[in-house]
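Asker: Please find input-v7.txt (compact mmCIF, C-alpha atoms) on the next line:
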# COMPACT_ATOMS: atom_id res chain seq x y z
CA MET L 1 25.99 31.61 -7.93
CA THR L 2 28.42 34.46 -8.50
CA VAL L 3 26.97 37.15 -10.75
CA VAL L 4 29.19 39.95 -12.02
CA ALA L 5 28.57 43.03 -14.10
CA THR L 6 29.96 43.40 -17.61
CA PRO L 7 30.04 46.49 -19.84
CA PRO L 8 26.42 47.65 -20.43
CA THR L 9 24.58 45.75 -23.15
CA PRO L 10 21.98 47.76 -25.10
CA LYS L 11 18.60 46.07 -24.91
CA LEU L 12 17.63 44.19 -28.05
CA GLU L 13 14.28 45.25 -29.40
CA LEU L 14 13.36 41.63 -29.97
CA PRO L 15 9.75 40.66 -29.29
CA PRO L 16 8.76 37.35 -27.68
CA LEU L 17 8.96 34.37 -30.02
CA GLN L 18 5.54 33.24 -31.18
CA LEU L 19 5.14 29.58 -32.19
CA GLY L 20 1.48 29.10 -32.96
CA GLY L 21 -0.30 29.62 -29.65
CA ILE L 22 2.94 29.38 -27.65
CA THR L 23 4.68 32.57 -26.56
CA VAL L 24 8.36 32.25 -25.64
CA ASP L 25 9.15 35.46 -23.76
CA THR L 26 12.91 34.97 -23.96
CA PRO L 27 13.55 33.97 -27.61
CA VAL L 28 16.11 31.29 -26.77
CA ILE L 29 15.78 27.58 -27.52
CA LEU L 30 17.81 24.76 -26.01
CA ALA L 31 18.79 22.56 -28.93
CA PRO L 32 17.86 18.91 -28.53
CA MET L 33 21.02 16.90 -27.93
CA ALA L 34 20.96 13.11 -27.65
CA GLY L 35 22.14 11.97 -24.24
CA ILE L 36 22.27 15.57 -22.97
CA THR L 37 18.93 17.38 -22.88
CA ASN L 38 17.05 14.96 -20.66
CA SER L 39 14.68 16.25 -17.98
CA ALA L 40 17.54 16.68 -15.47
CA PHE L 41 19.55 19.01 -17.69
CA ARG L 42 16.45 20.86 -18.86
CA ARG L 43 15.52 21.57 -15.25
CA LEU L 44 18.97 22.98 -14.51
CA CYS L 45 18.74 25.27 -17.53
CA ARG L 46 15.20 26.42 -16.70
CA GLU L 47 16.27 27.41 -13.21
CA TYR L 48 18.62 30.01 -14.64
CA GLY L 49 16.62 31.63 -17.41
CA GLY L 50 13.64 31.62 -19.73
CA GLY L 51 13.33 29.97 -23.11
CA LEU L 52 12.04 26.85 -24.81
CA TYR L 53 13.71 23.64 -23.69
CA VAL L 54 13.57 20.77 -26.18
CA ALA L 55 13.92 17.12 -25.15
CA GLU L 56 16.42 14.72 -26.70
CA MET L 57 15.75 13.62 -30.26
CA VAL L 58 13.54 10.54 -30.40
CA THR L 59 13.09 8.30 -33.42
CA SER L 60 9.59 8.05 -34.82
CA ARG L 61 9.71 4.29 -35.12
CA ALA L 62 10.79 3.78 -31.51
CA LEU L 63 8.04 6.09 -30.34
CA VAL L 64 5.35 4.35 -32.36
CA GLU L 65 6.60 1.02 -30.98
CA ARG L 66 6.52 2.52 -27.47
CA THR L 67 9.97 1.38 -26.46
CA PRO L 68 10.71 2.20 -22.81
CA GLU L 69 13.63 4.43 -23.79
CA SER L 70 11.56 6.46 -26.25
CA LEU L 71 8.87 7.02 -23.65
CA ARG L 72 11.52 8.14 -21.14
CA ILE L 73 12.92 10.61 -23.69
CA ILE L 74 9.56 12.32 -24.22
CA SER L 75 8.73 12.47 -20.51
CA HIS L 76 8.61 15.94 -18.97
CA ASP L 77 8.56 17.31 -15.46
CA ASP L 78 5.15 18.41 -14.22
CA ASP L 79 6.27 22.03 -14.09
CA GLU L 80 7.65 22.21 -17.63
CA LYS L 81 5.49 24.95 -19.09
CA VAL L 82 5.95 23.77 -22.68
CA ARG L 83 6.50 20.07 -23.37
CA SER L 84 8.78 20.18 -26.40
CA VAL L 85 9.68 17.02 -28.34
CA GLN L 86 11.97 16.54 -31.33
CA LEU L 87 11.28 13.72 -33.78
CA TYR L 88 13.59 12.08 -36.25
CA GLY L 89 12.30 9.99 -39.12
CA VAL L 90 12.74 9.19 -42.81
CA ASP L 91 9.38 7.62 -43.61
CA PRO L 92 6.36 9.96 -43.85
CA LYS L 93 3.93 7.31 -42.57
CA THR L 94 6.01 6.59 -39.48
CA VAL L 95 6.63 10.27 -38.74
CA GLY L 96 2.92 10.95 -39.17
CA ALA L 97 2.03 8.12 -36.80
CA ALA L 98 4.46 9.44 -34.19
CA VAL L 99 3.04 12.96 -34.39
CA ARG L 100 -0.48 11.55 -34.19
CA MET L 101 0.45 9.63 -31.03
CA LEU L 102 1.89 12.74 -29.39
CA VAL L 103 -1.23 14.73 -30.24
CA GLU L 104 -3.90 12.17 -29.39
CA GLU L 105 -2.26 11.17 -26.12
CA ASP L 106 -1.49 14.79 -25.13
CA ARG L 107 2.24 14.18 -24.76
CA ALA L 108 3.59 17.41 -26.31
CA ASP L 109 2.84 21.11 -26.69
CA HIS L 110 5.46 21.68 -29.40
CA ILE L 111 7.00 19.30 -31.92
CA ASP L 112 10.23 19.82 -33.86
CA LEU L 113 11.46 17.73 -36.79
CA ASN L 114 15.17 16.93 -37.09
CA PHE L 115 16.71 17.62 -40.48
CA GLY L 116 20.09 18.69 -39.12
CA CYS L 117 21.79 15.65 -37.62
CA PRO L 118 25.16 14.96 -39.35
CA VAL L 119 25.90 11.65 -37.60
CA PRO L 120 26.76 8.90 -40.14
CA LYS L 121 24.32 6.34 -38.72
CA VAL L 122 21.56 8.84 -39.48
CA THR L 123 22.69 10.28 -42.83
CA ARG L 124 23.60 6.92 -44.37
CA ARG L 125 19.90 6.02 -44.11
CA GLY L 126 18.88 9.27 -45.76
CA GLY L 127 17.95 10.99 -42.52
CA GLY L 128 18.94 14.15 -40.70
CA SER L 129 20.87 16.66 -42.80
CA ALA L 130 20.84 14.32 -45.82
CA LEU L 131 17.06 14.24 -46.12
CA PRO L 132 16.18 17.72 -47.49
CA TRP L 133 18.17 16.89 -50.64
CA LYS L 134 15.24 14.70 -51.66
CA ILE L 135 12.58 17.35 -52.19
CA ASP L 136 9.69 14.92 -52.58
CA LEU L 137 10.55 13.03 -49.38
CA PHE L 138 11.15 16.21 -47.38
CA THR L 139 7.90 17.75 -48.56
CA SER L 140 5.90 14.63 -47.77
CA ILE L 141 7.29 14.33 -44.24
CA VAL L 142 6.76 18.00 -43.37
CA GLN L 143 3.25 18.17 -44.84
CA THR L 144 2.21 14.95 -43.10
CA ALA L 145 3.62 16.08 -39.76
CA VAL L 146 2.04 19.54 -39.97
CA LYS L 147 -1.33 18.01 -40.84
CA GLU L 148 -1.25 15.66 -37.86
CA ALA L 149 0.04 18.31 -35.44
CA SER L 150 -2.61 20.80 -36.54
CA LYS L 151 -5.36 18.41 -35.41
CA GLY L 152 -4.33 19.21 -31.86
CA GLY L 153 -3.40 22.82 -32.46
CA ILE L 154 0.25 21.99 -31.80
CA PRO L 155 2.90 24.13 -33.54
CA LEU L 156 5.43 22.15 -35.56
CA THR L 157 8.88 23.49 -36.40
CA ILE L 158 11.93 22.17 -38.24
CA LYS L 159 15.66 22.36 -37.56
CA MET L 160 18.07 21.89 -40.44
CA ARG L 161 21.57 22.52 -41.76
CA LYS L 162 22.73 24.39 -44.85
CA GLY L 163 22.91 21.17 -46.81
CA ILE L 164 25.04 18.11 -47.40
CA ASP L 165 28.11 20.07 -48.49
CA GLU L 166 28.83 23.37 -50.22
CA ASP L 167 27.99 21.82 -53.60
CA HIS L 168 24.67 20.43 -52.38
CA LEU L 169 22.95 23.18 -50.38
CA THR L 170 19.31 22.69 -49.46
CA TYR L 171 18.37 25.24 -46.82
CA LEU L 172 16.65 27.85 -48.99
CA ASP L 173 14.50 25.32 -50.85
CA ALA L 174 13.73 23.45 -47.63
CA GLY L 175 12.86 26.67 -45.81
CA ARG L 176 10.37 27.72 -48.47
CA ILE L 177 8.79 24.26 -48.62
CA ALA L 178 8.45 24.18 -44.84
CA ARG L 179 6.94 27.68 -44.79
CA ASP L 180 4.45 26.77 -47.51
CA SER L 181 3.58 23.56 -45.63
CA GLY L 182 2.54 25.53 -42.55
CA VAL L 183 5.42 25.14 -40.08
CA ALA L 184 5.51 27.58 -37.18
CA ALA L 185 9.24 28.38 -37.49
CA VAL L 186 12.45 27.25 -39.15
CA ALA L 187 15.82 26.93 -37.37
CA LEU L 188 19.09 26.83 -39.30
CA HIS L 189 22.48 25.62 -38.12
CA GLY L 190 24.97 27.47 -40.29
CA ARG L 191 27.03 24.40 -41.18
CA THR L 192 26.76 21.61 -43.72
CA ALA L 193 26.67 17.92 -42.86
CA ALA L 194 30.19 17.59 -44.24
CA GLN L 195 31.49 20.13 -41.71
CA PHE L 196 30.06 18.20 -38.76
CA TYR L 197 30.87 20.73 -36.00
CA SER L 198 34.23 21.88 -37.37
CA GLY L 199 35.19 25.32 -38.60
CA GLN L 200 32.96 28.32 -38.12
CA ALA L 201 29.22 28.47 -38.52
CA ASP L 202 28.18 30.51 -41.55
CA TRP L 203 25.92 33.15 -40.09
CA SER L 204 25.51 34.77 -43.51
CA SER L 205 23.44 31.74 -44.58
CA ILE L 206 21.17 32.36 -41.61
CA ALA L 207 20.75 35.97 -42.71
CA ARG L 208 19.88 34.83 -46.26
CA LEU L 209 17.24 32.45 -44.93
CA ARG L 210 15.80 35.22 -42.73
CA GLU L 211 15.54 37.43 -45.83
CA ALA L 212 13.97 34.63 -47.90
CA LEU L 213 11.31 33.87 -45.27
CA PRO L 214 10.01 37.22 -44.02
CA ASP L 215 6.63 35.78 -43.03
CA ILE L 216 7.59 33.17 -40.40
CA PRO L 217 10.05 33.12 -37.49
CA VAL L 218 13.61 32.11 -38.40
CA LEU L 219 16.00 30.96 -35.68
CA GLY L 220 19.78 30.87 -35.82
CA ASN L 221 22.07 28.14 -34.50
CA GLY L 222 25.83 27.66 -34.45
CA ASP L 223 28.77 29.02 -32.42
CA ILE L 224 26.79 30.69 -29.66
CA TRP L 225 29.21 30.28 -26.77
CA SER L 226 28.15 33.35 -24.78
CA ALA L 227 25.33 35.83 -24.38
CA GLU L 228 27.36 38.31 -26.40
CA ASP L 229 27.50 35.82 -29.29
CA ALA L 230 23.70 35.55 -29.22
CA VAL L 231 23.27 39.31 -29.31
CA ARG L 232 25.72 39.56 -32.20
CA MET L 233 23.92 36.84 -34.16
CA VAL L 234 20.59 38.63 -33.79
CA ARG L 235 22.10 41.92 -34.93
CA GLU L 236 24.00 40.41 -37.87
CA THR L 237 21.28 38.11 -39.17
CA GLY L 238 17.95 39.58 -38.08
CA VAL L 239 16.74 36.26 -36.65
CA ASP L 240 13.74 36.07 -34.34
CA GLY L 241 15.59 33.97 -31.78
CA VAL L 242 18.62 31.77 -31.19
CA VAL L 243 19.13 28.04 -30.69
CA VAL L 244 21.89 27.05 -28.26
CA GLY L 245 23.50 23.62 -28.32
CA ARG L 246 27.08 22.82 -27.35
CA GLY L 247 27.61 26.25 -25.78
CA CYS L 248 25.58 25.29 -22.72
CA GLN L 249 27.27 21.95 -22.11
CA GLY L 250 28.61 22.17 -18.57
CA ARG L 251 27.17 25.69 -18.37
CA PRO L 252 23.42 25.60 -17.70
CA TRP L 253 23.78 29.11 -16.26
CA LEU L 254 24.32 30.36 -19.84
CA PHE L 255 20.53 30.68 -20.07
CA GLY L 256 20.62 33.20 -17.24
CA ASP L 257 23.22 35.19 -19.18
CA LEU L 258 21.11 35.00 -22.34
CA GLN L 259 17.99 36.27 -20.62
CA ALA L 260 19.91 39.10 -19.01
CA ALA L 261 21.51 40.09 -22.32
CA PHE L 262 18.21 40.10 -24.19
CA GLU L 263 16.76 42.30 -21.44
CA GLY L 264 19.70 44.72 -21.72
CA LYS L 265 21.13 43.76 -18.34
CA ASP L 266 24.86 43.45 -17.77
CA GLU L 267 24.89 40.68 -15.13
CA ARG L 268 26.73 37.49 -16.07
CA HIS L 269 27.28 34.24 -14.15
CA ARG L 270 30.94 33.68 -13.31
CA PRO L 271 30.98 30.70 -10.90
CA GLY L 272 33.92 29.81 -8.75
CA LEU L 273 34.90 26.16 -8.35
CA ARG L 274 32.69 25.65 -5.27
CA GLU L 275 29.58 26.69 -7.20
CA VAL L 276 30.49 24.47 -10.13
CA ALA L 277 30.98 21.50 -7.79
CA GLU L 278 27.61 22.14 -6.20
CA GLY L 279 26.04 22.30 -9.66
CA VAL L 280 27.64 19.03 -10.72
CA TYR L 281 26.33 17.22 -7.65
CA ARG L 282 22.84 18.61 -8.12
CA HIS L 283 22.94 17.54 -11.78
CA ALA L 284 23.91 14.03 -10.69
CA GLU L 285 21.07 13.87 -8.17
CA LEU L 286 18.57 14.97 -10.81
CA MET L 287 19.96 12.36 -13.19
CA VAL L 288 19.28 9.64 -10.62
CA GLU L 289 15.66 10.79 -10.52
CA THR L 290 15.50 10.92 -14.32
CA PHE L 291 16.63 7.32 -14.61
CA GLY L 292 14.19 5.96 -12.06
CA ASN L 293 16.68 5.90 -9.16
CA ASP L 294 19.09 3.77 -11.20
CA GLU L 295 22.20 5.33 -9.68
CA TYR L 296 24.64 3.30 -11.75
CA LYS L 297 23.08 4.38 -15.04
CA ALA L 298 22.72 7.98 -13.90
CA LEU L 299 26.34 8.28 -12.85
CA ARG L 300 27.49 6.65 -16.06
CA GLU L 301 25.55 9.34 -17.95
CA ILE L 302 26.92 12.22 -15.87
CA ARG L 303 30.52 11.31 -16.67
CA LYS L 304 30.47 12.96 -20.11
CA HIS L 305 29.58 16.27 -18.48
CA MET L 306 32.64 16.40 -16.22
CA ALA L 307 35.09 17.77 -18.80
CA TRP L 308 32.56 20.42 -19.81
CA TYR L 309 31.82 21.58 -16.28
CA PHE L 310 35.47 21.81 -15.26
CA LYS L 311 36.84 23.27 -18.50
CA GLY L 312 39.48 25.85 -17.56
CA TYR L 313 39.36 25.15 -13.82
CA VAL L 314 42.37 23.83 -11.90
CA VAL L 315 41.40 20.25 -11.08
CA GLY L 316 44.42 18.05 -11.73
CA GLY L 317 44.80 15.17 -14.16
CA GLU L 318 44.37 12.35 -11.66
CA LEU L 319 41.21 13.82 -10.17
CA ARG L 320 39.79 14.54 -13.63
CA ALA L 321 40.31 10.90 -14.53
CA LYS L 322 38.48 9.74 -11.41
CA LEU L 323 35.57 12.10 -12.09
CA ALA L 324 35.33 10.69 -15.60
CA THR L 325 34.70 7.22 -14.17
CA VAL L 326 32.69 8.11 -11.06
CA PRO L 327 30.45 5.15 -10.06
CA THR L 328 28.18 6.48 -7.28
CA LEU L 329 26.88 9.67 -5.68
CA GLU L 330 28.90 8.91 -2.56
CA VAL L 331 32.13 8.68 -4.54
CA LEU L 332 31.21 11.82 -6.48
CA ARG L 333 30.73 13.71 -3.23
CA GLU L 334 34.14 12.54 -2.00
CA LEU L 335 35.89 13.50 -5.24
CA LEU L 336 34.30 16.94 -5.33
CA GLY L 337 35.49 17.42 -1.76
CA GLU L 338 39.09 17.01 -2.95
CA LEU L 339 38.82 20.13 -5.11
CA ASP L 340 40.20 23.48 -3.99
CA LEU L 341 36.70 24.89 -3.68
CA ASP L 342 37.89 28.43 -2.99
CA LEU L 343 39.32 28.87 -6.49
CA PRO L 344 37.63 31.70 -8.39
CA TYR L 345 36.21 31.76 -11.89
CA PRO L 346 39.16 31.18 -14.29
CA GLY L 347 37.98 33.61 -16.98
CA VAL L 348 38.39 32.95 -20.69
CA ASP L 349 39.93 29.52 -20.09
CA SER L 350 36.51 28.18 -19.17
CA GLU L 351 34.67 29.86 -22.03
CA GLY L 352 34.42 29.33 -25.76
CA PRO L 353 33.96 26.10 -27.73
CA ARG L 354 33.33 22.86 -25.87
CA GLY L 355 32.69 19.31 -26.94
CA ARG L 356 34.23 17.51 -29.89
CA ALA L 357 34.03 19.44 -33.15
CA GLY L 358 35.11 16.54 -35.33
CA SER L 359 36.66 17.22 -38.71
CA PRO L 360 35.22 17.78 -42.17
CA LYS L 361 34.42 14.51 -43.90
CA ARG L 362 32.39 13.18 -46.78
CA PRO L 363 28.92 12.43 -45.39
CA ALA L 364 27.74 8.83 -45.39
CA LEU L 365 24.78 8.68 -47.78
CA PRO L 366 22.52 6.03 -49.34
CA LYS L 367 23.54 4.67 -52.73
CA ASP L 368 23.24 7.23 -55.56
CA TRP L 369 21.64 9.73 -53.18
CA LEU L 370 23.10 12.80 -54.89
CA ASP L 371 22.23 11.73 -58.46
CA SER L 372 18.79 13.32 -58.28
CA ARG L 373 16.72 15.47 -55.95
CA GLN L 374 13.88 12.95 -56.26
CA LEU L 375 13.74 9.45 -54.77
CA ASN L 376 14.11 6.56 -57.18
CA ALA L 377 12.23 3.30 -56.74
CA GLU L 378 15.06 1.56 -54.90
CA GLN L 379 15.56 4.46 -52.52
CA SER L 380 11.83 4.65 -51.83
CA ALA L 381 11.80 0.99 -50.86
CA ASP L 382 14.85 1.43 -48.65
CA ILE L 383 13.36 4.47 -46.92
CA ALA L 384 10.25 2.55 -45.90
CA ALA L 385 12.44 0.12 -43.97
CA ALA L 386 15.15 2.54 -42.85
CA GLU L 387 13.79 3.91 -39.60
CA LEU L 388 16.37 3.64 -36.84
CA ASP L 389 15.08 1.94 -33.72
CA VAL L 390 17.36 3.80 -31.33
CA SER L 391 17.78 7.46 -30.53
CA GLY L 392 20.94 9.18 -31.65
CA GLY L 393 22.50 12.23 -33.26
Take the structure from the file and write it as structure tokens.
Answerer:
Amino acid sequence: MTVVATPPTPKLELPPLQLGGITVDTPVILAPMAGITNSAFRRLCREYGGGLYVAEMVTSRALVERTPESLRIISHDDDEKVRSVQLYGVDPKTVGAAVRMLVEEDRADHIDLNFGCPVPKVTRRGGGSALPWKIDLFTSIVQTAVKEASKGGIPLTIKMRKGIDEDHLTYLDAGRIARDSGVAAVALHGRTAAQFYSGQADWSSIARLREALPDIPVLGNGDIWSAEDAVRMVRETGVDGVVVGRGCQGRPWLFGDLQAAFEGKDERHRPGLREVAEGVYRHAELMVETFGNDEYKALREIRKHMAWYFKGYVVGGELRAKLATVPTLEVLRELLGELDLDLPYPGVDSEGPRGRAGSPKRPALPKDWLDSRQLNAEQSADIAAAELDVSGG
């Protein structure tokens, strides 16, 4: 991997992140991303730098029902120092049962609750970023989860957004409730559900949450595309660590840059096309292992990563199209061999935002959701039956 020097970066005086009994020396967290942060991708990221690497979001109901896919999602490599799992749920009993299962069966060392997903199939059931609007429901879920996690001495954290939209912000209330309920840390994505991933993340909201919760770690998320962005967020907001999501898609080496930056080092990874191709093939091989040697499924999953890996590189439209439909490792090897592997790092063209940002839209919500910050009888009944049975978001 090509490593180049950049202008000197002053070392951040940022201590290791402490989550209960877990010490994260490099205060960087890989955000859980459905269909992305499986064990293959987590391994790639870990090989470059330190941090806490969270598995894909798993629904509480699916986990309690022990569906094969949910059990795959929470599986970790033997050498993963901290087994981190993120749960999604809208029913306190189901969330509590899922946490209890993880604790009693020793399947996790850290548990995170998802209150940030903006995907319509989640919010229309009252979940994700829609849920903190209902204070009673949010409080019940967090308190139940913390109680169950504490039985095993496992730190529980939450990840959330600013709110549903600018007229229905929830992050300050939710942060205080979570703190008072005993969570180990709170992470905030500086966007509302209505923004999806569009526009710019509001880092000032992260700073306000940091100020409002001086007694627990606060983590910042949103628009961290480079190590320099992470350093700037820490300096502007005072957060105890950063959460990186879309910025590492197709760039697992970003975690090496982040560790270097937090240590005051000026080395940065700037891979030429040969190194990217080698990384893509290794990722594909690890995916085959992740999916139990099901090569067809693994290669189908790797396809989404192609545009991210080769962003800014000279590949050619026809070859890009073939990579986006690659069926086997053998074909992948042949296609990668067609690249001009001596091409150098393309610079800014390969950096910056990646993935689909979407556009602002009115969030899908349950009937009359915004009328009150408390659940009514009909909503309570709906919530009890609303658990999704598939992972997503």
Asker: Give me the residues near segment 67-81 of chain L as a PyMOL selection string, where near means some atom within 12 Å (using all atoms listed in the file) and where sequence neighbours in that chain fewer than 2 positions away do not count.
Answerer: chain L and resi 22-24+32-47+50-65+83-88+98+101-102+106-111+286+289-292+388-392
Asker: What separation in Å, quoted to one decimal, exists between atom CA of Tyr345 of chain L and atom CA of Arg268 of chain L?
Answerer: 11.8 Å
Asker: Would you mind reading off the distance between atom CA of Leu30 of chain L and atom CA of Leu365 of chain L, one decimal, in Å?
Answerer: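 Computing the Euclidean distance for atom CA of Leu30 of chain L and atom CA of Leu365 of chain L yields 27.9 Å.
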Asker: Give the answer as one residue: which of L:Lys361, L:Arg354, L:Arg208, L:Arg124 has the shortest atom-to-atom distance to Phe310 of chain L, using all atoms listed in the file?
Answerer: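 For Phe310 of chain L, the nearest of the candidates is L:Arg354.
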Asker: Which neighbours of segment 368-371 of chain L fall inside 10 Å, counting only C-alpha atoms, when residues of the same chain fewer than 6 positions from it are skipped, and could you give them as a ChimeraX atom specification?
Answerer: /L:124-126,130-131,133-134,164,168,378-379
Asker: Could you name the residues that touch Lys297 of chain L at 10 Å or less, counting only C-alpha atoms, but leaving out those on the same chain fewer than 4 positions away, as a ChimeraX atom specification?
Answerer: /L:287-288,291-293,301-302,327-328
Asker: Just give me the gap between atom CA of Arg100 of chain L and atom CA of Thr157 of chain L in Å, one decimal is fine.
Answerer: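 For atom CA of Arg100 of chain L relative to atom CA of Thr157 of chain L, the distance reads 15.3 Å.
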Asker: Please identify every residue of segment 308-382 of chain L that has at least one atom no farther than 9 Å from an atom of segment 174-193 of chain L, counting all atoms listed in the file, and for each give the shortest atom pair and the distance in Å to one decimal, arranged by chain then increasing number, as a Markdown table.
Answerer:
| residue | atom | partner | partner_atom | distance |
| --- | --- | --- | --- | --- |
| L:Pro360 | CA | L:Ala193 | CA | 8.6 |
| L:Lys361 | CA | L:Ala193 | CA | 8.5 |
| L:Arg362 | CA | L:Ala193 | CA | 8.4 |
| L:Pro363 | CA | L:Ala193 | CA | 6.5 |
Asker: Find the residue from L:Val331, L:Ala230, L:Leu339, L:Val326 that sits nearest to Ala277 of chain L; use all atoms listed in the file when measuring.
Answerer: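 That would be L:Leu339, the residue with the smallest distance to Ala277 of chain L.
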Asker: With a distance cut-off of 10 Å and only C-alpha atoms, select the neighbouring residues of Arg210 of chain L, excluding the residue or stretch itself and same-chain residues fewer than 2 positions from it, and output the selection as a ChimeraX atom specification.
Answerer: /L:172,175,186-188,204-208,212-220,237-240
Asker: Report as AutoDock Vina command-line options the centre and the edge lengths, in Å to one decimal, of the axis-aligned box holding every listed atom of segment 349-360 of chain L, padded by 3 Å on each side.
Answerer:
--center_x 36.3 --center_y 23.2 --center_z -30.7 --size_x 13.2 --size_y 19.3 --size_z 29.0
Asker: For Val99 of chain L, which of L:Val122, L:Val28, L:Leu341, L:Ile154 is the closest residue, counting all atoms listed in the file?
Answerer: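 With all atoms listed in the file as the atom set, the closest residue is L:Ile154.
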Asker: Can you work out which one of L:Asp349, L:Glu13, L:Glu334, L:Asp202 has the shortest atom-to-atom distance to Asp223 of chain L, counting only C-alpha atoms?
Answerer: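 Closest residue, counting only C-alpha atoms: L:Asp202.
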Asker: Using only C-alpha atoms, which of L:Val95, L:Leu336, L:Leu343, L:Val119 sits nearest Phe196 of chain L?
Answerer: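 Result for the nearest residue to Phe196 of chain L: L:Val119.
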Asker: With distances taken over only C-alpha atoms, which residue among L:Ile224, L:Ile141, L:Leu258, L:Cys117 lies nearest Gly245 of chain L?
Answerer: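 With only C-alpha atoms as the atom set, the closest residue is L:Ile224.
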Asker: For Leu332 of chain L, work out the shell of residues within 9 Å, counting all atoms listed in the file and skipping chain neighbours fewer than 6 positions away, then give it as a PyMOL selection string.
Answerer: chain L and resi 281+284+299+323+326
Asker: Can you give me N, CA, C and O atoms for segment 73-86 of chain L, written as a JSON list (two decimals), keeping the file's coordinate frame?
Answerer:
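Writing the result to out.json gives the following:
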[["chain", "number", "residue", "atom", "x", "y", "z"],
["L", 73, "ILE", "N", 12.42, 9.41, -23.03],
["L", 73, "ILE", "CA", 12.92, 10.61, -23.69],
["L", 73, "ILE", "C", 11.85, 11.69, -23.78],
["L", 73, "ILE", "O", 12.13, 12.88, -23.60],
["L", 74, "ILE", "N", 10.60, 11.31, -24.06],
["L", 74, "ILE", "CA", 9.56, 12.32, -24.22],
["L", 74, "ILE", "C", 8.86, 12.68, -22.91],
["L", 74, "ILE", "O", 7.91, 13.46, -22.91],
["L", 75, "SER", "N", 9.34, 12.13, -21.80],
["L", 75, "SER", "CA", 8.73, 12.47, -20.51],
["L", 75, "SER", "C", 9.19, 13.86, -20.07],
["L", 75, "SER", "O", 10.32, 14.28, -20.35],
["L", 76, "HIS", "N", 8.31, 14.59, -19.41],
["L", 76, "HIS", "CA", 8.61, 15.94, -18.97],
["L", 76, "HIS", "C", 8.23, 16.10, -17.50],
["L", 76, "HIS", "O", 7.33, 15.43, -17.01],
["L", 77, "ASP", "N", 8.92, 16.99, -16.83],
["L", 77, "ASP", "CA", 8.56, 17.31, -15.46],
["L", 77, "ASP", "C", 7.19, 17.99, -15.44],
["L", 77, "ASP", "O", 6.80, 18.66, -16.40],
["L", 78, "ASP", "N", 6.49, 17.84, -14.33],
["L", 78, "ASP", "CA", 5.15, 18.41, -14.22],
["L", 78, "ASP", "C", 5.14, 19.92, -14.39],
["L", 78, "ASP", "O", 4.15, 20.51, -14.84],
["L", 79, "ASP", "N", 6.25, 20.57, -14.03],
["L", 79, "ASP", "CA", 6.27, 22.03, -14.09],
["L", 79, "ASP", "C", 6.90, 22.58, -15.36],
["L", 79, "ASP", "O", 7.15, 23.78, -15.47],
["L", 80, "GLU", "N", 7.16, 21.71, -16.34],
["L", 80, "GLU", "CA", 7.65, 22.21, -17.63],
["L", 80, "GLU", "C", 6.50, 22.87, -18.35],
["L", 80, "GLU", "O", 5.54, 22.21, -18.77],
["L", 81, "LYS", "N", 6.60, 24.17, -18.53],
["L", 81, "LYS", "CA", 5.49, 24.95, -19.09],
["L", 81, "LYS", "C", 5.14, 24.50, -20.50],
["L", 81, "LYS", "O", 3.97, 24.41, -20.87],
["L", 82, "VAL", "N", 6.17, 24.24, -21.31],
["L", 82, "VAL", "CA", 5.95, 23.77, -22.68],
["L", 82, "VAL", "C", 6.67, 22.44, -22.85],
["L", 82, "VAL", "O", 7.89, 22.37, -22.71],
["L", 83, "ARG", "N", 5.91, 21.40, -23.14],
["L", 83, "ARG", "CA", 6.50, 20.07, -23.37],
["L", 83, "ARG", "C", 6.93, 20.00, -24.83],
["L", 83, "ARG", "O", 6.11, 19.87, -25.74],
["L", 84, "SER", "N", 8.23, 20.10, -25.05],
["L", 84, "SER", "CA", 8.78, 20.18, -26.40],
["L", 84, "SER", "C", 9.49, 18.88, -26.76],
["L", 84, "SER", "O", 10.35, 18.41, -26.01],
["L", 85, "VAL", "N", 9.14, 18.31, -27.91],
["L", 85, "VAL", "CA", 9.68, 17.02, -28.34],
["L", 85, "VAL", "C", 10.27, 17.17, -29.74],
["L", 85, "VAL", "O", 9.67, 17.83, -30.60],
["L", 86, "GLN", "N", 11.43, 16.57, -29.97],
["L", 86, "GLN", "CA", 11.97, 16.54, -31.33],
["L", 86, "GLN", "C", 11.94, 15.13, -31.89],
["L", 86, "GLN", "O", 12.42, 14.19, -31.26]]
